[in-house]
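Peer 1: I have a structure I would like to understand better, so I am pasting it below and will then ask my questions one at a time.
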Amino acid sequence: MNIFLTGYRCTGKTSVGKSLAQTLGWSFIDADKELVETYSMSINDIVSKEGWDSFREKEKGILKKICGLDKHVVATGGGVILDSENVESMKKSGVVVWLRAEPETVKKRILQDKTTGDFRPSLSSKGLVEEIEEILLDRKPLYEKAMNFFVDTDDRSIDDICGKIMGELKEPKVKR
């Protein structure tokens with residue numbers, strides 16, 4: 001079994017994933033970093049040179065490899081849920097946790113993140129807040145469909161978020 005952390009940019013997937021993996025004694029994989037290392041190109045370069053469709057195909061291939069592993073905590077790319085095959089692969093391989101955050105929290109975290117340029121190319125031609133709100137609204141039903149459960153990450157520590165995930169894993173509730 002693996003644990004897949006999904007959610008929009010800067011919702012805590014990597015930070016929480018590293019801590020959760022350490023708590024469980026499992027390995028941690030950041031799917032975006034795995035993609036960058038495999039193709040020796042930044043996400044921004046892949047998108048600008050080859051387009052979003054090419055990036056999504058590469059992402060799918062990386063995810064399939066990861067799904068063949070066991071006892072890994074995986075930080076997925078924010079758009080991994082756009083492809084139903086990705087969702088199916090994750091569900092067959094483990095538990096899908098949606099890390100949620102409000103648009104203002106995401107904006108604040110994006111502005112503080114020095115890797116945003118390489119790992120988080122713009123998804124639209126809109127301003128940052130408008131883009132975040134629009135993409136979150138569009139993706140919300142996809143995250144809901146993909147998840148086994150969600151955890152809100154606004155104003156919560158990494159330890160608190162990990163504790164919530166561990167609690168859900170020990171006593172799984174009906175999918176919300």
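Quick note on naming: the chains in the structure tokens go A, B, ... in the order shown, residues restart at 1 in each chain, and ligands are numbered from 1 in order of appearance.
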Assign secondary structure with DSSP using the backbone only, and return the residues of chain A in helix (DSSP H, G or I) as a count of residues only.
Peer 2: 104
Peer 1: Would you mind listing what lies within 12 Å of Gly61 in chain A as a ChimeraX atom specification, with only C-alpha atoms counted and same-chain residues fewer than 5 positions away left out?
Peer 2: /A:31-32,34-35,38-39,54-56,66-68,80,83,85-86,89
Peer 1: Could you list, with a cut-off of 12 Å and counting only C-alpha atoms, the residues of range 41-125 of chain A near range 143-162 of chain A, each shown with its nearest atom pair and the distance in Å rounded to one decimal, rows sorted by chain and ascending number, as a Markdown table?
Peer 2:
| residue | atom | partner | partner_atom | distance |
| --- | --- | --- | --- | --- |
| A:Val73 | CA | A:Cys162 | CA | 11.6 |
| A:Gly78 | CA | A:Tyr143 | CA | 9.6 |
| A:Gly79 | CA | A:Tyr143 | CA | 9.4 |
| A:Val80 | CA | A:Tyr143 | CA | 9.5 |
| A:Ile81 | CA | A:Tyr143 | CA | 6.5 |
| A:Leu82 | CA | A:Tyr143 | CA | 8.8 |
| A:Asp83 | CA | A:Ala146 | CA | 10.2 |
| A:Ser84 | CA | A:Ala146 | CA | 8.6 |
| A:Glu85 | CA | A:Ala146 | CA | 10.7 |
| A:Asn86 | CA | A:Ala146 | CA | 9.3 |
| A:Val87 | CA | A:Ala146 | CA | 5.8 |
| A:Glu88 | CA | A:Ala146 | CA | 8.2 |
| A:Ser89 | CA | A:Ala146 | CA | 10.5 |
| A:Met90 | CA | A:Ala146 | CA | 8.6 |
| A:Lys91 | CA | A:Ala146 | CA | 7.8 |
| A:Lys92 | CA | A:Ala146 | CA | 11.4 |
| A:Gly94 | CA | A:Asn148 | CA | 9.5 |
| A:Val95 | CA | A:Asn148 | CA | 6.2 |
| A:Val96 | CA | A:Met147 | CA | 4.8 |
| A:Val97 | CA | A:Phe149 | CA | 5.4 |
| A:Trp98 | CA | A:Phe150 | CA | 4.4 |
| A:Leu99 | CA | A:Val151 | CA | 5.1 |
| A:Arg100 | CA | A:Asp152 | CA | 4.7 |
| A:Ala101 | CA | A:Asp154 | CA | 5.3 |
| A:Glu102 | CA | A:Asp154 | CA | 6.8 |
| A:Pro103 | CA | A:Asp154 | CA | 9.8 |
| A:Glu104 | CA | A:Asp154 | CA | 9.4 |
| A:Thr105 | CA | A:Asp154 | CA | 6.5 |
| A:Val106 | CA | A:Asp154 | CA | 8.9 |
| A:Lys107 | CA | A:Asp154 | CA | 11.8 |
| A:Lys108 | CA | A:Asp154 | CA | 10.9 |
| A:Arg109 | CA | A:Asp154 | CA | 10.5 |
Peer 1: How would the residues just picked look written out with N, CA and C atoms as a short mmCIF file (atom, residue, chain, number, x, y, z; two decimals), in the first residue's frame?
Peer 2:
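Listed below is the output, result.cif:
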data_model
loop_
_atom_site.label_atom_id
_atom_site.label_comp_id
_atom_site.auth_asym_id
_atom_site.auth_seq_id
_atom_site.Cartn_x
_atom_site.Cartn_y
_atom_site.Cartn_z
N VAL A 73 5.14 7.10 0.54
CA VAL A 73 4.28 8.27 0.62
C VAL A 73 4.66 9.11 -0.59
N GLY A 78 -0.10 18.62 -8.69
CA GLY A 78 -1.44 19.12 -8.41
C GLY A 78 -2.49 18.72 -9.42
N GLY A 79 -2.09 18.50 -10.67
CA GLY A 79 -3.05 18.16 -11.71
C GLY A 79 -3.15 16.68 -12.03
N VAL A 80 -2.57 15.83 -11.20
CA VAL A 80 -2.58 14.40 -11.46
C VAL A 80 -4.01 13.86 -11.54
N ILE A 81 -4.93 14.51 -10.86
CA ILE A 81 -6.33 14.05 -10.82
C ILE A 81 -7.09 14.40 -12.10
N LEU A 82 -6.47 15.13 -13.01
CA LEU A 82 -7.14 15.49 -14.27
C LEU A 82 -7.31 14.27 -15.18
N ASP A 83 -6.55 13.22 -14.94
CA ASP A 83 -6.60 12.01 -15.76
C ASP A 83 -7.20 10.88 -14.92
N SER A 84 -8.32 10.34 -15.38
CA SER A 84 -9.01 9.29 -14.61
C SER A 84 -8.16 8.03 -14.47
N GLU A 85 -7.27 7.76 -15.44
CA GLU A 85 -6.38 6.60 -15.33
C GLU A 85 -5.41 6.78 -14.16
N ASN A 86 -4.95 8.01 -13.95
CA ASN A 86 -4.07 8.27 -12.80
C ASN A 86 -4.81 7.98 -11.50
N VAL A 87 -6.04 8.44 -11.42
CA VAL A 87 -6.84 8.24 -10.20
C VAL A 87 -7.05 6.75 -9.95
N GLU A 88 -7.38 6.02 -11.00
CA GLU A 88 -7.58 4.58 -10.88
C GLU A 88 -6.31 3.89 -10.41
N SER A 89 -5.18 4.27 -10.98
CA SER A 89 -3.89 3.68 -10.60
C SER A 89 -3.58 3.93 -9.12
N MET A 90 -3.81 5.17 -8.68
CA MET A 90 -3.53 5.50 -7.27
C MET A 90 -4.44 4.71 -6.34
N LYS A 91 -5.72 4.63 -6.67
CA LYS A 91 -6.66 3.91 -5.80
C LYS A 91 -6.33 2.43 -5.70
N LYS A 92 -5.86 1.84 -6.80
CA LYS A 92 -5.49 0.42 -6.78
C LYS A 92 -4.23 0.20 -5.95
N GLY A 94 -3.17 2.23 -3.34
CA GLY A 94 -3.17 2.73 -1.97
C GLY A 94 -4.30 3.66 -1.63
N VAL A 95 -4.00 4.60 -0.76
CA VAL A 95 -4.97 5.57 -0.24
C VAL A 95 -4.66 6.94 -0.81
N VAL A 96 -5.70 7.66 -1.20
CA VAL A 96 -5.54 8.99 -1.77
C VAL A 96 -6.06 10.02 -0.77
N VAL A 97 -5.17 10.92 -0.37
CA VAL A 97 -5.51 11.96 0.61
C VAL A 97 -5.46 13.31 -0.09
N TRP A 98 -6.55 14.04 -0.02
CA TRP A 98 -6.62 15.38 -0.60
C TRP A 98 -6.25 16.40 0.46
N LEU A 99 -5.14 17.10 0.26
CA LEU A 99 -4.74 18.19 1.15
C LEU A 99 -5.34 19.47 0.59
N ARG A 100 -6.22 20.07 1.37
CA ARG A 100 -6.94 21.26 0.92
C ARG A 100 -6.41 22.52 1.60
N ALA A 101 -6.51 23.64 0.89
CA ALA A 101 -6.16 24.94 1.45
C ALA A 101 -6.97 26.01 0.72
N GLU A 102 -7.27 27.07 1.42
CA GLU A 102 -8.01 28.19 0.85
C GLU A 102 -7.12 28.95 -0.15
N PRO A 103 -7.73 29.62 -1.13
CA PRO A 103 -6.94 30.36 -2.12
C PRO A 103 -5.94 31.35 -1.52
N GLU A 104 -6.30 32.06 -0.48
CA GLU A 104 -5.38 33.02 0.13
C GLU A 104 -4.16 32.32 0.73
N THR A 105 -4.38 31.15 1.33
CA THR A 105 -3.27 30.37 1.88
C THR A 105 -2.35 29.92 0.77
N VAL A 106 -2.93 29.42 -0.33
CA VAL A 106 -2.14 28.97 -1.47
C VAL A 106 -1.32 30.13 -2.02
N LYS A 107 -1.95 31.29 -2.19
CA LYS A 107 -1.24 32.46 -2.73
C LYS A 107 -0.06 32.81 -1.84
N LYS A 108 -0.29 32.88 -0.55
CA LYS A 108 0.78 33.23 0.39
C LYS A 108 1.94 32.23 0.29
N ARG A 109 1.61 30.95 0.21
CA ARG A 109 2.65 29.92 0.13
C ARG A 109 3.40 29.97 -1.21
#
Peer 1: Step one, run DSSP on the backbone; step two, keep only residues of range 18-103 of chain A assigned to strand (DSSP E); then write them as a PyMOL selection string.
Peer 2: chain A and resi 27-30+72-75+94-100
